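Have a look at protein-v1.pdb below; it lists PDB, C-alpha atoms.
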ATOM      1  CA  MET A  83     -47.151 121.830  85.206
ATOM      2  CA  THR A  84     -47.403 119.320  88.026
ATOM      3  CA  THR A  85     -44.649 118.536  90.512
ATOM      4  CA  GLN A  86     -44.172 114.983  91.718
ATOM      5  CA  VAL A  87     -41.940 113.458  94.397
ATOM      6  CA  LEU A  88     -40.713 109.890  93.997
ATOM      7  CA  LYS A  89     -39.713 108.669  97.444
ATOM      8  CA  THR A  90     -37.159 105.880  97.771
ATOM      9  CA  PRO A  91     -35.093 104.718 100.765
ATOM     10  CA  GLU A  92     -32.110 106.716  99.469
ATOM     11  CA  VAL A  93     -33.622 109.891  98.003
ATOM     12  CA  ASP A  94     -36.785 111.880  97.474
ATOM     13  CA  LEU A  95     -36.627 112.693  93.749
ATOM     14  CA  THR A  96     -38.556 115.772  92.688
ATOM     15  CA  TYR A  97     -39.590 116.101  89.061
ATOM     16  CA  ASP A  98     -41.859 118.392  87.070
ATOM     17  CA  VAL A  99     -44.211 117.271  84.320
ATOM     18  CA  HIS A 100     -45.149 119.956  81.806
ATOM     19  CA  GLY A 101     -48.171 118.547  79.988
ATOM     20  CA  PRO A 102     -50.314 115.409  80.097
ATOM     21  CA  VAL A 103     -49.186 111.826  80.657
ATOM     22  CA  PRO A 104     -50.049 109.862  78.565
ATOM     23  CA  THR A 105     -49.154 112.529  76.019
ATOM     24  CA  ALA A 106     -51.877 114.211  73.999
ATOM     25  CA  ASP A 107     -50.600 113.013  70.608
ATOM     26  CA  GLY A 108     -49.033 109.710  71.616
ATOM     27  CA  SER A 109     -45.472 110.984  71.201
ATOM     28  CA  PRO A 110     -42.992 110.039  73.937
ATOM     29  CA  PRO A 111     -42.375 112.489  76.767
ATOM     30  CA  LEU A 112     -39.300 114.654  76.291
ATOM     31  CA  VAL A 113     -37.069 114.380  79.379
ATOM     32  CA  MET A 114     -34.460 117.097  79.984
ATOM     33  CA  ILE A 115     -31.668 116.467  82.484
ATOM     34  CA  GLY A 116     -28.487 118.207  83.619
ATOM     35  CA  GLN A 117     -25.782 117.845  86.270
ATOM     36  CA  PRO A 118     -25.174 119.768  88.480
ATOM     37  CA  MET A 119     -27.981 121.813  86.905
ATOM     38  CA  ASP A 120     -31.434 121.080  88.276
ATOM     39  CA  ALA A 121     -34.864 121.430  86.655
ATOM     40  CA  SER A 122     -34.855 125.228  86.875
ATOM     41  CA  GLY A 123     -32.152 125.432  84.215
ATOM     42  CA  PHE A 124     -34.470 124.029  81.547
ATOM     43  CA  SER A 125     -37.385 126.437  81.977
ATOM     44  CA  THR A 126     -36.511 128.488  78.881
ATOM     45  CA  LEU A 127     -35.814 125.498  76.647
ATOM     46  CA  ALA A 128     -39.009 123.744  77.762
ATOM     47  CA  SER A 129     -41.033 126.838  76.849
ATOM     48  CA  TYR A 130     -40.146 126.269  73.195
ATOM     49  CA  PHE A 131     -41.878 122.864  73.273
ATOM     50  CA  PRO A 132     -45.453 123.829  74.245
ATOM     51  CA  ASP A 133     -46.801 120.994  72.103
ATOM     52  CA  ARG A 134     -44.762 118.346  73.928
ATOM     53  CA  THR A 135     -44.963 116.838  77.390
ATOM     54  CA  VAL A 136     -41.633 117.852  78.912
ATOM     55  CA  VAL A 137     -40.246 116.316  82.099
ATOM     56  CA  THR A 138     -37.462 117.906  84.143
ATOM     57  CA  TYR A 139     -35.988 116.777  87.444
ATOM     58  CA  ASP A 140     -33.575 117.674  90.220
ATOM     59  CA  PRO A 141     -30.715 115.143  90.540
ATOM     60  CA  ARG A 142     -30.267 113.616  93.975
ATOM     61  CA  GLY A 143     -28.694 116.004  96.425
ATOM     62  CA  LEU A 144     -29.386 119.014  94.188
ATOM     63  CA  GLY A 145     -32.257 121.465  94.173
ATOM     64  CA  ARG A 146     -35.352 119.901  95.734
ATOM     65  CA  SER A 147     -34.211 116.253  95.654
ATOM     66  CA  ALA A 148     -33.091 115.506  99.193
ATOM     67  CA  ARG A 149     -30.825 112.499  99.528
ATOM     68  CA  LYS A 150     -31.024 110.143 102.484
ATOM     69  CA  ASP A 151     -28.098 107.868 101.662
ATOM     70  CA  GLY A 152     -25.511 109.774 103.685
ATOM     71  CA  ARG A 153     -23.365 110.479 100.628
ATOM     72  CA  VAL A 154     -22.278 113.725  98.997
ATOM     73  CA  ASP A 155     -20.715 112.432  95.774
ATOM     74  CA  HIS A 156     -22.412 112.419  92.391
ATOM     75  CA  ALA A 157     -21.965 109.095  90.591
ATOM     76  CA  PRO A 158     -23.345 108.624  87.052
ATOM     77  CA  GLY A 159     -24.472 105.040  87.714
ATOM     78  CA  ILE A 160     -26.540 106.112  90.709
ATOM     79  CA  GLN A 161     -27.936 109.112  88.853
ATOM     80  CA  ALA A 162     -28.845 106.856  85.922
ATOM     81  CA  ALA A 163     -30.787 104.543  88.236
ATOM     82  CA  ASP A 164     -32.653 107.606  89.546
ATOM     83  CA  VAL A 165     -33.598 108.729  86.039
ATOM     84  CA  HIS A 166     -34.712 105.171  85.245
ATOM     85  CA  ALA A 167     -36.933 105.256  88.338
ATOM     86  CA  VAL A 168     -38.501 108.548  87.213
ATOM     87  CA  ILE A 169     -39.174 107.129  83.734
ATOM     88  CA  GLU A 170     -40.800 104.088  85.300
ATOM     89  CA  ALA A 171     -42.891 106.307  87.577
ATOM     90  CA  LEU A 172     -44.126 108.227  84.528
ATOM     91  CA  GLY A 173     -45.466 105.002  83.072
ATOM     92  CA  ALA A 174     -45.032 106.460  79.587
ATOM     93  CA  GLY A 175     -41.660 105.174  78.425
ATOM     94  CA  PRO A 176     -39.610 104.872  76.407
ATOM     95  CA  VAL A 177     -38.855 108.599  76.313
ATOM     96  CA  GLU A 178     -36.875 111.028  74.218
ATOM     97  CA  MET A 179     -34.109 112.785  76.108
ATOM     98  CA  PHE A 180     -32.064 115.952  75.953
ATOM     99  CA  ALA A 181     -29.175 115.772  78.416
ATOM    100  CA  SER A 182     -26.529 118.432  78.920
ATOM    101  CA  SER A 183     -23.091 118.504  80.538
ATOM    102  CA  GLY A 184     -22.979 116.100  83.492
ATOM    103  CA  GLY A 185     -26.539 115.156  82.603
ATOM    104  CA  ALA A 186     -25.229 113.857  79.280
ATOM    105  CA  VAL A 187     -22.855 111.611  81.229
ATOM    106  CA  THR A 188     -25.783 110.338  83.307
ATOM    107  CA  ALA A 189     -27.720 109.735  80.109
ATOM    108  CA  LEU A 190     -24.929 107.662  78.560
ATOM    109  CA  ALA A 191     -24.850 105.568  81.737
ATOM    110  CA  LEU A 192     -28.644 105.250  81.528
ATOM    111  CA  VAL A 193     -28.573 103.995  77.940
ATOM    112  CA  ALA A 194     -25.863 101.466  78.807
ATOM    113  CA  ALA A 195     -27.705 100.118  81.868
ATOM    114  CA  TYR A 196     -31.318 100.495  80.734
ATOM    115  CA  PRO A 197     -31.279 100.203  76.939
ATOM    116  CA  ASP A 198     -35.070 100.235  76.581
ATOM    117  CA  ASP A 199     -35.666 103.549  78.380
ATOM    118  CA  VAL A 200     -34.775 106.045  75.650
ATOM    119  CA  THR A 201     -35.576 106.142  71.932
ATOM    120  CA  THR A 202     -33.437 109.176  71.030
ATOM    121  CA  LEU A 203     -30.773 110.763  73.223
ATOM    122  CA  VAL A 204     -29.220 114.118  72.428
ATOM    123  CA  ALA A 205     -26.138 114.182  74.659
ATOM    124  CA  HIS A 206     -24.921 117.778  74.759
ATOM    125  CA  GLU A 207     -21.249 118.297  75.616
ATOM    126  CA  PRO A 208     -20.537 115.453  78.069
ATOM    127  CA  PRO A 209     -17.387 116.437  80.054
ATOM    128  CA  ILE A 210     -15.718 113.017  80.056
ATOM    129  CA  ILE A 211     -11.977 113.173  80.684
ATOM    130  CA  PRO A 212     -10.997 109.543  79.878
ATOM    131  CA  VAL A 213     -11.877 109.975  76.181
ATOM    132  CA  LEU A 214      -9.229 112.679  75.724
ATOM    133  CA  PRO A 215      -5.694 111.976  74.452
ATOM    134  CA  ASP A 216      -4.381 114.289  77.204
ATOM    135  CA  ALA A 217      -6.529 112.727  79.925
ATOM    136  CA  GLN A 218      -3.787 112.857  82.565
ATOM    137  CA  ALA A 219      -3.171 116.536  81.950
ATOM    138  CA  ALA A 220      -6.918 117.209  82.053
ATOM    139  CA  GLU A 221      -7.114 115.451  85.421
ATOM    140  CA  ARG A 222      -4.275 117.642  86.656
ATOM    141  CA  ALA A 223      -6.119 120.754  85.450
ATOM    142  CA  ARG A 224      -9.287 119.581  87.186
ATOM    143  CA  ALA A 225      -7.363 119.005  90.428
ATOM    144  CA  GLY A 226      -5.966 122.516  90.128
ATOM    145  CA  VAL A 227      -9.476 123.965  90.121
ATOM    146  CA  ARG A 228     -10.355 121.936  93.201
ATOM    147  CA  ASP A 229      -7.179 123.066  94.977
ATOM    148  CA  VAL A 230      -7.859 126.750  94.307
ATOM    149  CA  TYR A 231     -11.420 126.321  95.555
ATOM    150  CA  GLU A 232     -10.260 124.556  98.713
ATOM    151  CA  HIS A 233      -7.678 127.237  99.490
ATOM    152  CA  LYS A 234      -9.458 130.427  98.456
ATOM    153  CA  GLY A 235     -13.189 129.769  98.159
ATOM    154  CA  ARG A 236     -15.876 129.923  95.517
ATOM    155  CA  GLY A 237     -14.945 133.091  93.647
ATOM    156  CA  ALA A 238     -11.354 132.009  93.090
ATOM    157  CA  GLY A 239     -12.442 128.459  92.330
ATOM    158  CA  MET A 240     -14.956 129.595  89.722
ATOM    159  CA  ALA A 241     -12.347 131.819  88.087
ATOM    160  CA  ALA A 242     -10.027 128.803  87.878
ATOM    161  CA  PHE A 243     -12.870 126.720  86.459
ATOM    162  CA  VAL A 244     -13.565 129.306  83.753
ATOM    163  CA  ALA A 245      -9.864 129.400  82.874
ATOM    164  CA  MET A 246      -9.794 125.617  82.563
ATOM    165  CA  THR A 247     -12.968 125.234  80.525
ATOM    166  CA  SER A 248     -12.107 128.108  78.158
ATOM    167  CA  TRP A 249      -8.594 126.846  77.421
ATOM    168  CA  ARG A 250      -8.307 125.825  73.775
ATOM    169  CA  GLY A 251      -6.640 122.589  72.797
ATOM    170  CA  GLU A 252      -4.749 120.158  74.981
ATOM    171  CA  PHE A 253      -3.607 121.111  78.472
ATOM    172  CA  THR A 254       0.044 121.857  77.815
ATOM    173  CA  ASP A 255       2.844 123.303  79.940
ATOM    174  CA  ASP A 256       1.668 126.753  78.849
ATOM    175  CA  TYR A 257      -1.649 126.154  80.576
ATOM    176  CA  PHE A 258      -0.048 125.121  83.852
ATOM    177  CA  ALA A 259       2.421 128.013  83.707
ATOM    178  CA  GLN A 260      -0.384 130.577  83.845
ATOM    179  CA  PRO A 261      -0.801 132.660  86.999
ATOM    180  CA  MET A 262      -3.869 131.930  89.078
ATOM    181  CA  PRO A 263      -6.745 133.948  87.583
ATOM    182  CA  ASP A 264      -8.160 136.892  89.489
ATOM    183  CA  PRO A 265     -11.864 136.352  90.257
ATOM    184  CA  ALA A 266     -12.460 140.121  90.090
ATOM    185  CA  ALA A 267     -11.478 140.005  86.419
ATOM    186  CA  PHE A 268     -14.479 137.747  85.839
ATOM    187  CA  GLY A 269     -16.811 139.855  87.951
ATOM    188  CA  MET A 270     -16.743 137.293  90.736
ATOM    189  CA  PRO A 271     -16.492 137.906  94.488
ATOM    190  CA  THR A 272     -13.037 137.832  96.004
ATOM    191  CA  ASP A 273     -14.165 137.109  99.557
ATOM    192  CA  ASP A 274     -14.426 133.571 100.938
ATOM    193  CA  ASP A 275     -17.749 132.514 102.464
ATOM    194  CA  GLY A 276     -16.151 129.407 103.966
ATOM    195  CA  SER A 277     -18.270 126.838 102.098
ATOM    196  CA  ARG A 278     -16.576 123.956 100.311
ATOM    197  CA  ASP A 279     -19.526 121.877  99.088
ATOM    198  CA  ASP A 280     -19.971 123.230  95.556
ATOM    199  CA  PRO A 281     -20.560 120.186  93.305
ATOM    200  CA  LEU A 282     -18.900 121.889  90.340
ATOM    201  CA  LEU A 283     -15.717 123.054  92.052
ATOM    202  CA  SER A 284     -15.096 120.375  94.684
ATOM    203  CA  ASP A 285     -14.224 116.754  93.996
ATOM    204  CA  ARG A 286     -17.826 115.664  94.647
ATOM    205  CA  SER A 287     -18.518 115.403  90.922
ATOM    206  CA  TRP A 288     -15.210 113.867  89.882
ATOM    207  CA  ALA A 289     -17.043 110.595  89.246
ATOM    208  CA  VAL A 290     -18.884 112.445  86.480
ATOM    209  CA  SER A 291     -15.832 113.760  84.655
ATOM    210  CA  SER A 292     -13.937 110.502  85.337
ATOM    211  CA  TYR A 293     -16.718 108.356  83.901
ATOM    212  CA  GLN A 294     -15.614 105.729  81.396
ATOM    213  CA  PRO A 295     -18.564 105.191  79.045
ATOM    214  CA  ASP A 296     -19.494 101.637  78.138
ATOM    215  CA  ILE A 297     -19.236 102.262  74.419
ATOM    216  CA  ASP A 298     -20.165  98.713  73.410
ATOM    217  CA  ALA A 299     -23.331  98.800  75.521
ATOM    218  CA  VAL A 300     -24.356 102.209  74.181
ATOM    219  CA  ILE A 301     -23.839 101.073  70.585
ATOM    220  CA  ALA A 302     -25.767  97.866  71.248
ATOM    221  CA  ALA A 303     -28.763  99.702  72.731
ATOM    222  CA  ARG A 304     -31.704 100.520  70.538
ATOM    223  CA  THR A 305     -31.317 104.197  71.428
ATOM    224  CA  ARG A 306     -30.341 106.623  68.703
ATOM    225  CA  VAL A 307     -27.549 108.650  70.311
ATOM    226  CA  VAL A 308     -26.635 112.080  68.975
ATOM    227  CA  VAL A 309     -23.642 113.775  70.611
ATOM    228  CA  ALA A 310     -24.056 117.548  70.359
ATOM    229  CA  VAL A 311     -21.454 120.307  70.563
ATOM    230  CA  GLY A 312     -21.929 124.079  70.523
ATOM    231  CA  GLU A 313     -20.657 125.981  67.508
ATOM    232  CA  GLU A 314     -18.988 128.495  69.850
ATOM    233  CA  THR A 315     -17.444 125.817  72.062
ATOM    234  CA  GLY A 316     -14.748 124.994  69.545
ATOM    235  CA  ASP A 317     -11.749 123.068  70.844
ATOM    236  CA  THR A 318     -12.233 123.950  74.490
ATOM    237  CA  PHE A 319     -12.547 121.170  77.070
ATOM    238  CA  THR A 320     -16.191 120.141  76.504
ATOM    239  CA  GLY A 321     -15.878 120.607  72.763
ATOM    240  CA  ARG A 322     -13.001 118.154  72.681
ATOM    241  CA  THR A 323     -14.758 115.642  74.944
ATOM    242  CA  SER A 324     -17.871 115.818  72.766
ATOM    243  CA  VAL A 325     -15.996 115.182  69.535
ATOM    244  CA  ALA A 326     -13.992 112.340  71.100
ATOM    245  CA  THR A 327     -17.108 110.699  72.570
ATOM    246  CA  ALA A 328     -18.888 110.869  69.215
ATOM    247  CA  GLU A 329     -15.882 109.321  67.484
ATOM    248  CA  LEU A 330     -15.862 106.419  69.945
ATOM    249  CA  LEU A 331     -19.504 105.823  69.010
ATOM    250  CA  GLY A 332     -18.542 105.789  65.334
ATOM    251  CA  ARG A 333     -20.070 109.109  64.360
ATOM    252  CA  GLN A 334     -19.443 112.830  64.207
ATOM    253  CA  ALA A 335     -20.634 115.317  66.791
ATOM    254  CA  THR A 336     -23.668 117.340  65.679
ATOM    255  CA  VAL A 337     -23.180 121.105  65.852
ATOM    256  CA  PHE A 338     -25.760 123.081  67.831
ATOM    257  CA  PRO A 339     -26.093 126.857  68.112
ATOM    258  CA  SER A 340     -24.214 128.781  70.793
ATOM    259  CA  HIS A 341     -22.041 127.482  73.641
ATOM    260  CA  HIS A 342     -22.064 125.023  76.553
ATOM    261  CA  GLY A 343     -25.156 126.724  77.968
ATOM    262  CA  GLY A 344     -26.676 127.442  74.579
ATOM    263  CA  PHE A 345     -30.206 126.555  75.662
ATOM    264  CA  LEU A 346     -30.220 128.974  78.606
ATOM    265  CA  GLY A 347     -32.317 132.151  78.672
ATOM    266  CA  GLY A 348     -31.364 135.616  79.830
ATOM    267  CA  GLU A 349     -32.349 134.896  83.412
ATOM    268  CA  SER A 350     -29.359 132.575  83.765
ATOM    269  CA  GLY A 351     -26.618 135.179  83.470
ATOM    270  CA  TYR A 352     -25.029 132.964  80.795
ATOM    271  CA  ALA A 353     -27.568 133.317  78.007
ATOM    272  CA  GLY A 354     -27.229 131.311  74.845
ATOM    273  CA  GLN A 355     -29.482 131.183  71.797
ATOM    274  CA  PRO A 356     -32.396 129.166  73.210
ATOM    275  CA  GLU A 357     -34.793 129.651  70.305
ATOM    276  CA  ALA A 358     -32.268 128.531  67.695
ATOM    277  CA  PHE A 359     -31.103 125.772  70.036
ATOM    278  CA  ALA A 360     -34.680 124.502  70.469
ATOM    279  CA  HIS A 361     -35.207 124.569  66.712
ATOM    280  CA  LYS A 362     -32.148 122.363  66.190
ATOM    281  CA  LEU A 363     -33.216 119.989  68.953
ATOM    282  CA  ARG A 364     -36.713 119.673  67.483
ATOM    283  CA  GLU A 365     -35.224 119.017  64.053
ATOM    284  CA  ILE A 366     -33.168 116.107  65.387
ATOM    285  CA  LEU A 367     -36.046 114.609  67.381
ATOM    286  CA  ASP A 368     -38.399 114.873  64.410
ATOM    287  CA  ASP A 369     -35.851 113.227  62.103
ATOM    288  CA  ALA A 370     -35.788 110.186  64.384
ATOM    289  CA  ARG A 371     -39.432 109.378  63.814
TER     290      ARG A 371
END
Could you quickly redo this structure as structure tokens?
Amino acid sequence: MTTQVLKTPEVDLTYDVHGPVPTADGSPPLVMIGQPMDASGFSTLASYFPDRTVVTYDPRGLGRSARKDGRVDHAPGIQAADVHAVIEALGAGPVEMFASSGGAVTALALVAAYPDDVTTLVAHEPPIIPVLPDAQAAERARAGVRDVYEHKGRGAGMAAFVAMTSWRGEFTDDYFAQPMPDPAAFGMPTDDDGSRDDPLLSDRSWAVSSYQPDIDAVIAARTRVVVAVGEETGDTFTGRTSVATAELLGRQATVFPSHHGGFLGGESGYAGQPEAFAHKLREILDDAR
């Protein structure tokens, strides 16, 4: 593995290249992106592709990618331009891409804005609120997580986030009538460290979950887009957004093993089924050729 830093006036983007560029067999590099997850979250999944050149990166303002633009928000359009810059720096495009969670939102923005960058995109559980029939209620639920975090800190905010993302079906009055979850019940700290900059719990990533995909542009691109959903995710928040996004693109969501973090190894504390997940991902990428 080699680590590279792409320096721009706004950000120093750090990315890791596992394997040779150009690739040994002429296949496109496989780029893996997340949000707010950085490159470290893909170490287990990448290990199941020893025959491929895999590229991972830290989004601006996260991990090792220090931003210099004076901003703290995470906007999909800006993130997409960053990923485009990394692909250009590789000099080996177009690429194949696996993108998860907020990274899947970035990837959809990338395909819309730079339609020649990606041959096949597997967009895993993009958390896009506007595609839901209960979008207003979902926004209210999201604001509730932010409010708990602002008032009580990370442990309470994460407990509220888990309650929101594990709720099945639409956000009804029953959801909002629930008592505030106890972080101790989830094994989370109850003390408040005073920080309020968590990209997952604050409103800094609301541009991600509020993103309105340019469906016409994505359909018009030459990219083969596969929207993936975990078999264990069911009709929870990201399961519903995945199915709705796939339907807008005129297709069905493709079922992958495990849950929202299905590709994660045991070191994550939220282990999925990474070997089975990698097998399914390889199957889809191979079918595209």
Review point. Can you list what the PyMOL selection byres ((chain A and resi 186) around 12) grabs from this structure, as an NGL selection string?
Key: :A and (113-119 or 158 or 161-162 or 165 or 179-185 or 187-193 or 203-210 or 290-291 or 293 or 295 or 307-311 or 320 or 323-324 or 327 or 342)
Practice item. Using the chain letters and numbers from the file, give me the residues hit by the PyMOL selection byres ((chain A and resi 126-138) around 7), as number ranges by chain. Key: A: 97-102, 105, 111-115, 121, 124-125, 139, 345-347, 356-357, 360
Only C-alpha atoms, please: the residues just picked out, written as a PDB file, keeping the file's coordinate frame.
ATOM      1  CA  TYR A  97     -39.590 116.101  89.061  1.00  0.00           C
ATOM      2  CA  ASP A  98     -41.859 118.392  87.070  1.00  0.00           C
ATOM      3  CA  VAL A  99     -44.211 117.271  84.320  1.00  0.00           C
ATOM      4  CA  HIS A 100     -45.149 119.956  81.806  1.00  0.00           C
ATOM      5  CA  GLY A 101     -48.171 118.547  79.988  1.00  0.00           C
ATOM      6  CA  PRO A 102     -50.314 115.409  80.097  1.00  0.00           C
ATOM      7  CA  THR A 105     -49.154 112.529  76.019  1.00  0.00           C
ATOM      8  CA  PRO A 111     -42.375 112.489  76.767  1.00  0.00           C
ATOM      9  CA  LEU A 112     -39.300 114.654  76.291  1.00  0.00           C
ATOM     10  CA  VAL A 113     -37.069 114.380  79.379  1.00  0.00           C
ATOM     11  CA  MET A 114     -34.460 117.097  79.984  1.00  0.00           C
ATOM     12  CA  ILE A 115     -31.668 116.467  82.484  1.00  0.00           C
ATOM     13  CA  ALA A 121     -34.864 121.430  86.655  1.00  0.00           C
ATOM     14  CA  PHE A 124     -34.470 124.029  81.547  1.00  0.00           C
ATOM     15  CA  SER A 125     -37.385 126.437  81.977  1.00  0.00           C
ATOM     16  CA  TYR A 139     -35.988 116.777  87.444  1.00  0.00           C
ATOM     17  CA  PHE A 345     -30.206 126.555  75.662  1.00  0.00           C
ATOM     18  CA  LEU A 346     -30.220 128.974  78.606  1.00  0.00           C
ATOM     19  CA  GLY A 347     -32.317 132.151  78.672  1.00  0.00           C
ATOM     20  CA  PRO A 356     -32.396 129.166  73.210  1.00  0.00           C
ATOM     21  CA  GLU A 357     -34.793 129.651  70.305  1.00  0.00           C
ATOM     22  CA  ALA A 360     -34.680 124.502  70.469  1.00  0.00           C
TER      23      ALA A 360
END
Exercise for review: Might you spell out which residues the PyMOL selection byres ((chain A and resi 172) around 10) would select in the displayed file, as a VMD selection string?
Suggested key: chain A and resid 86 99 103 to 104 111 137 166 to 171 173 to 177
Check your understanding: Could you state the separation of atom CA of A:Asp264 and atom CA of A:His233 in Å, given to one decimal place?
Key ->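 These atoms are spaced 13.9 Å apart.
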Sort by chain and increasing residue number a table of all residues of stretch 99-218 of chain A within 12 Å of stretch 244-261 of chain A, each with its closest pair of atoms and their distance in Å to one decimal, counting all atoms listed in the file, and write it as CSV.
residue,atom,partner,partner_atom,distance
A:Glu207,CA,A:Thr247,CA,11.9
A:Pro209,CA,A:Thr247,CA,9.9
A:Ile211,CA,A:Glu252,CA,11.6
A:Leu214,CA,A:Glu252,CA,8.7
A:Pro215,CA,A:Glu252,CA,8.3
A:Asp216,CA,A:Glu252,CA,6.3
A:Ala217,CA,A:Phe253,CA,9.0
A:Gln218,CA,A:Phe253,CA,9.2
Generate the output file for the selected residues, C-alpha atoms, as an mmCIF file, keeping the file's coordinate frame.
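Result written to result_33.cif:
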data_model
loop_
_atom_site.group_PDB
_atom_site.id
_atom_site.type_symbol
_atom_site.label_atom_id
_atom_site.label_comp_id
_atom_site.auth_asym_id
_atom_site.auth_seq_id
_atom_site.Cartn_x
_atom_site.Cartn_y
_atom_site.Cartn_z
ATOM 1 C CA GLU A 207 -21.249 118.297 75.616
ATOM 2 C CA PRO A 209 -17.387 116.437 80.054
ATOM 3 C CA ILE A 211 -11.977 113.173 80.684
ATOM 4 C CA LEU A 214 -9.229 112.679 75.724
ATOM 5 C CA PRO A 215 -5.694 111.976 74.452
ATOM 6 C CA ASP A 216 -4.381 114.289 77.204
ATOM 7 C CA ALA A 217 -6.529 112.727 79.925
ATOM 8 C CA GLN A 218 -3.787 112.857 82.565
#
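The space between atom CA of A:Pro212 and atom CA of A:Ser292 spans 6.3 Å.
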Point to revise | Nearest to A:Asp296, chosen from A:Gly159, A:Gly235, A:Gly276, A:Gly143, with all atoms listed in the file counted in the distances | key: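 Under the stated criterion, the closest residue is A:Gly159.
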Check your understanding: For A:Ala289, which residue among A:Asp155, A:Glu92, A:Glu365, A:Asp199 is the nearest when counting only C-alpha atoms?
Key -> A:Asp155
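Neighbouring residues of A:Asp164 at 8 Å or closer, counting all atoms listed in the file and skipping chain neighbours under 6 positions away, are Leu95, Pro141 and Arg142 of chain A.
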**Study point:** Test item: residues at most 12 Å from A:Phe243, all atoms listed in the file, excluding those fewer than 2 positions along its chain, as a list in words
**Key:** Ala223, Arg224, Ala225, Gly226, Val227, Arg228, Asp229, Val230, Tyr231, Arg236, Gly237, Ala238, Gly239, Met240, Ala241, Ala245, Met246, Thr247, Ser248, Trp249, Met262, Pro263, Asp264, Pro265, Phe268, Leu282, Leu283, Ser284 and Phe319 of chain A
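Interatomic distance, atom CA of A:His361 against atom CA of A:Gly344: 12.0 Å.
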Practice item. Kindly indicate which residue among A:Asp274, A:Asp107, A:Asp198, A:Asp120 lies nearest to A:Leu144, using all atoms listed in the file for the distances. Key: A:Asp120
**Study point:** Nearest to A:Ile366 by atom-to-atom distance, counting only C-alpha atoms, from A:Thr96, A:Thr202, A:Arg278, A:Pro339
**Key:** A:Thr202
For A:Gln334, work out the shell of residues within 8 Å, counting only C-alpha atoms and skipping chain neighbours fewer than 4 positions away, then give it as a PDB file with C-alpha atoms, in the coordinates of the input.
ATOM      1  CA  VAL A 309     -23.642 113.775  70.611  1.00  0.00           C
ATOM      2  CA  VAL A 325     -15.996 115.182  69.535  1.00  0.00           C
ATOM      3  CA  ALA A 328     -18.888 110.869  69.215  1.00  0.00           C
ATOM      4  CA  GLU A 329     -15.882 109.321  67.484  1.00  0.00           C
TER       5      GLU A 329
END
Exercise for review: Give the answer as one residue: which of A:Gly152, A:Gly343, A:Pro91, A:Gly348 has the shortest atom-to-atom distance to A:Gly312, using all atoms listed in the file?
Suggested key: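 Of all the options, A:Gly343 lies closest to A:Gly312.
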